[in-house]
Amino acid sequence: MVSKTDSGKTYRNECTGHALETVKSHTEDQDLTLFGSCFCPFVQRVWVSFEYLQIQYKVHEVDPYKKPKDLLEVSPKGLVPGLKLNNFHPPRALNESTVILEYINDLAVTSNGRSLLPPTTNPCNITDARALVRLQCDHVNRSLVPSFYRYLQAQDQDSQINGGKEFHESIEGLVELLERTEKEVVRIDGVSGAGERKALAVGLGLWIPENEEDLGLYRGFELPRGEKFDRWTSKLFNHPSFKRTCNTEDLYLDSYERYAFNRLNTSQVANAVNSGRGLP
């Protein structure tokens with residue numbers, strides 16, 4: 001049943017479920033501190049990567065809407081995620097999820113050999129494989145993410161119908177890129193681990209799995225079905241690194257109600273969508 005009434009629910013400040021257990025196991029000081037909020041998919045894409053790359057880190061949950069001083073010190077706009085580099089004196093900082101992803105991936109490659117990108121074992125295929133994964137991630141950032149928020153924030157019926165079509169088309173575009181990678185990369189060198197990394201690298205957007213419930217409740221949305229798409233999403237949904245960063249369903253539903261009814265000044269992201277600007 002599609003919810004048509006704004007109940008006034010607000011966002012949560014603390015993780016629940018598996019994500020809460022992961023927070024509890026990352027409270028000791030480390031060289032890296034991840035500043036995040038429990039409901040934010042931009043944070044989760046980084047968090048999943050930390051888990052997959054097996055890098056030591058501390059989690060510091062913050063309320064990005066209140067913009068506490070310690071968050072502003074690592075992220076000048078007060079946006080999450082932020083990353084504090086404690087091994088420098090004084091500490092340094094990074095913000096923007098994609099920048100943090102690149103940083104921790106490079107760190108993992110040099111420290112434990114793990115990577116979100118395809119392996120470099122075949123010199124003839126390195127550039128192609130890695131470029132295709134980056135194309136997939138670029139599609140998530142440029143198309144999937146904006147279309148998700150436009151769809152969720154649309155209020156009149158025509159806008160919701162058009163938003164749903166746009167979001168479906170964006171998912172179909174991602175599927176085409178995934179299929180291209182299977183044909184052009186896996187066919188060439190048969191990399192057995194490529195599927196896992198591909199699902200993770202693309203799924204780092206997380207706007208498909210994390211918010212399927214939100215779009216289902218508020219817009220009657222259902223994910224497209226198909227053998228390959230189901231296989232890819234199943235790999236992501238069931239991957240231990242993904243599961244360890246997931247909250248209970250009610251947290252996401254409560255936190256995204258304000259987007260679904262497009263409340264005034266919901267967030268910098270929502271304001272950007274309403275004004276037709278690029279996401280911050």
# chains A, B, ... in the order shown; residues from 1 in each chain; ligands from 1
>>> residues_around(residues="segment 238-245 of chain A", least_positions_apart="2", cutoff="6 Å", atoms="only C-alpha atoms", output="PyMOL selection string")
chain A and resi 18-19+48+51-52+234-236
>>> closest_residue(among="A:Val133, A:Leu253, A:Ile100, A:Leu178", to="Val46 of chain A", atoms="only C-alpha atoms")
A:Ile100
>>> select_by_dssp(residues="segment 30-144 of chain A", states="alpha helix (DSSP H)", output="PyMOL selection string")
chain A and resi 41-53+69-74+97-111+126-139
>>> write_last_selection(atoms="N, CA and C atoms", output="CSV table (one decimal), in the first residue's frame")
chain,number,residue,atom,x,y,z
A,41,PRO,N,22.9,7.1,2.3
A,41,PRO,CA,23.5,6.1,1.4
A,41,PRO,C,24.9,6.6,0.9
A,42,PHE,N,25.2,7.9,0.9
A,42,PHE,CA,26.5,8.3,0.6
A,42,PHE,C,27.5,7.8,1.6
A,43,VAL,N,27.1,7.8,2.9
A,43,VAL,CA,27.9,7.2,4.0
A,43,VAL,C,28.1,5.7,3.8
A,44,GLN,N,27.0,5.0,3.5
A,44,GLN,CA,27.0,3.6,3.4
A,44,GLN,C,27.9,3.1,2.3
A,45,ARG,N,28.0,3.8,1.2
A,45,ARG,CA,28.9,3.4,0.1
A,45,ARG,C,30.3,3.3,0.6
A,46,VAL,N,30.7,4.3,1.5
A,46,VAL,CA,32.1,4.3,2.0
A,46,VAL,C,32.2,3.2,3.1
A,47,TRP,N,31.2,3.1,3.9
A,47,TRP,CA,31.2,2.1,5.0
A,47,TRP,C,31.4,0.7,4.5
A,48,VAL,N,30.6,0.4,3.5
A,48,VAL,CA,30.7,-1.0,2.9
A,48,VAL,C,32.1,-1.2,2.4
A,49,SER,N,32.7,-0.2,1.8
A,49,SER,CA,34.1,-0.3,1.3
A,49,SER,C,35.1,-0.5,2.4
A,50,PHE,N,34.9,0.2,3.5
A,50,PHE,CA,35.8,-0.1,4.7
A,50,PHE,C,35.8,-1.6,5.1
A,51,GLU,N,34.5,-2.1,5.1
A,51,GLU,CA,34.4,-3.5,5.6
A,51,GLU,C,35.0,-4.4,4.5
A,52,TYR,N,34.7,-4.2,3.3
A,52,TYR,CA,35.2,-5.1,2.2
A,52,TYR,C,36.7,-5.0,2.1
A,53,LEU,N,37.3,-3.8,2.3
A,53,LEU,CA,38.7,-3.6,2.1
A,53,LEU,C,39.5,-4.0,3.4
A,69,LYS,N,30.6,21.0,15.4
A,69,LYS,CA,31.9,21.6,15.0
A,69,LYS,C,32.8,20.5,14.5
A,70,ASP,N,32.9,19.3,15.2
A,70,ASP,CA,33.8,18.3,14.7
A,70,ASP,C,33.6,17.8,13.3
A,71,LEU,N,32.3,17.9,12.9
A,71,LEU,CA,32.0,17.5,11.5
A,71,LEU,C,32.4,18.6,10.6
A,72,LEU,N,32.2,19.8,10.9
A,72,LEU,CA,32.6,20.9,10.0
A,72,LEU,C,34.1,21.0,9.8
A,73,GLU,N,34.9,20.5,10.8
A,73,GLU,CA,36.3,20.5,10.7
A,73,GLU,C,36.8,19.5,9.7
A,74,VAL,N,36.0,18.4,9.4
A,74,VAL,CA,36.4,17.5,8.4
A,74,VAL,C,35.6,17.6,7.1
A,97,SER,N,32.2,11.4,-0.8
A,97,SER,CA,32.2,9.9,-0.7
A,97,SER,C,33.2,9.3,-1.8
A,98,THR,N,33.1,9.8,-3.0
A,98,THR,CA,33.9,9.2,-4.1
A,98,THR,C,35.4,9.5,-3.9
A,99,VAL,N,35.7,10.6,-3.3
A,99,VAL,CA,37.1,10.9,-3.0
A,99,VAL,C,37.6,10.0,-1.9
A,100,ILE,N,36.8,9.8,-0.8
A,100,ILE,CA,37.2,8.9,0.2
A,100,ILE,C,37.3,7.5,-0.3
A,101,LEU,N,36.5,7.1,-1.2
A,101,LEU,CA,36.6,5.7,-1.8
A,101,LEU,C,37.9,5.5,-2.4
A,102,GLU,N,38.3,6.5,-3.2
A,102,GLU,CA,39.6,6.4,-3.9
A,102,GLU,C,40.7,6.3,-2.9
A,103,TYR,N,40.6,7.1,-1.9
A,103,TYR,CA,41.7,7.2,-0.9
A,103,TYR,C,41.9,5.8,-0.2
A,104,ILE,N,40.8,5.3,0.4
A,104,ILE,CA,40.9,4.0,1.1
A,104,ILE,C,41.2,2.8,0.2
A,105,ASN,N,40.7,2.9,-1.0
A,105,ASN,CA,41.1,1.8,-2.0
A,105,ASN,C,42.6,1.8,-2.2
A,106,ASP,N,43.2,3.0,-2.4
A,106,ASP,CA,44.6,3.0,-2.6
A,106,ASP,C,45.4,2.6,-1.4
A,107,LEU,N,44.8,2.9,-0.2
A,107,LEU,CA,45.4,2.5,1.0
A,107,LEU,C,45.4,1.0,1.2
A,108,ALA,N,44.3,0.4,0.8
A,108,ALA,CA,44.1,-1.1,1.0
A,108,ALA,C,45.1,-1.8,0.0
A,109,VAL,N,45.2,-1.3,-1.2
A,109,VAL,CA,46.1,-1.9,-2.2
A,109,VAL,C,47.5,-2.0,-1.7
A,110,THR,N,48.0,-1.0,-1.1
A,110,THR,CA,49.3,-0.9,-0.6
A,110,THR,C,49.5,-1.6,0.8
A,111,SER,N,48.5,-1.8,1.5
A,111,SER,CA,48.6,-2.4,2.9
A,111,SER,C,48.2,-3.9,2.9
A,126,ILE,N,43.9,-4.5,-18.0
A,126,ILE,CA,43.8,-3.7,-16.8
A,126,ILE,C,42.9,-2.4,-17.1
A,127,THR,N,43.3,-1.7,-18.1
A,127,THR,CA,42.7,-0.4,-18.4
A,127,THR,C,41.2,-0.6,-18.7
A,128,ASP,N,40.9,-1.6,-19.6
A,128,ASP,CA,39.5,-1.8,-20.0
A,128,ASP,C,38.7,-2.2,-18.8
A,129,ALA,N,39.1,-3.1,-18.0
A,129,ALA,CA,38.3,-3.6,-16.9
A,129,ALA,C,38.1,-2.5,-15.9
A,130,ARG,N,39.1,-1.8,-15.5
A,130,ARG,CA,39.0,-0.7,-14.5
A,130,ARG,C,38.2,0.4,-15.1
A,131,ALA,N,38.3,0.7,-16.3
A,131,ALA,CA,37.6,1.9,-16.9
A,131,ALA,C,36.1,1.5,-16.9
A,132,LEU,N,35.7,0.3,-17.2
A,132,LEU,CA,34.3,-0.1,-17.3
A,132,LEU,C,33.7,0.0,-15.9
A,133,VAL,N,34.4,-0.4,-14.9
A,133,VAL,CA,33.9,-0.3,-13.5
A,133,VAL,C,33.7,1.2,-13.1
A,134,ARG,N,34.6,2.0,-13.6
A,134,ARG,CA,34.5,3.5,-13.3
A,134,ARG,C,33.3,4.1,-14.1
A,135,LEU,N,33.1,3.6,-15.3
A,135,LEU,CA,31.9,4.0,-16.0
A,135,LEU,C,30.6,3.7,-15.3
A,136,GLN,N,30.6,2.5,-14.7
A,136,GLN,CA,29.4,2.1,-13.9
A,136,GLN,C,29.2,3.0,-12.7
A,137,CYS,N,30.3,3.3,-12.0
A,137,CYS,CA,30.2,4.2,-10.8
A,137,CYS,C,29.8,5.6,-11.3
A,138,ASP,N,30.3,6.0,-12.4
A,138,ASP,CA,29.9,7.4,-12.9
A,138,ASP,C,28.4,7.4,-13.2
A,139,HIS,N,27.9,6.3,-13.8
A,139,HIS,CA,26.5,6.3,-14.1
A,139,HIS,C,25.7,6.3,-12.8
>>> select_by_dssp(residues="segment 78-259 of chain A", states="strand (DSSP E or B)", output="VMD selection string")
chain A and resid 82 to 85 92 to 95
>>> write_last_selection(atoms="C-alpha atoms", output="short mmCIF file (atom, residue, chain, number, x, y, z; two decimals), in the first residue's frame")
data_model
loop_
_atom_site.label_atom_id
_atom_site.label_comp_id
_atom_site.auth_asym_id
_atom_site.auth_seq_id
_atom_site.Cartn_x
_atom_site.Cartn_y
_atom_site.Cartn_z
CA GLY A 82 33.77 12.83 6.29
CA LEU A 83 37.08 11.15 7.03
CA LYS A 84 39.54 12.26 9.68
CA LEU A 85 43.17 11.21 9.16
CA ARG A 92 43.98 16.06 8.17
CA ALA A 93 40.58 15.42 6.62
CA LEU A 94 38.76 14.35 3.47
CA ASN A 95 35.15 14.71 2.41
#
>>> residues_around(residues="Lys165 of chain A", least_positions_apart="5", cutoff="10 Å", atoms="only C-alpha atoms", output="ChimeraX atom specification")
/A:147,151,159-160,170-171
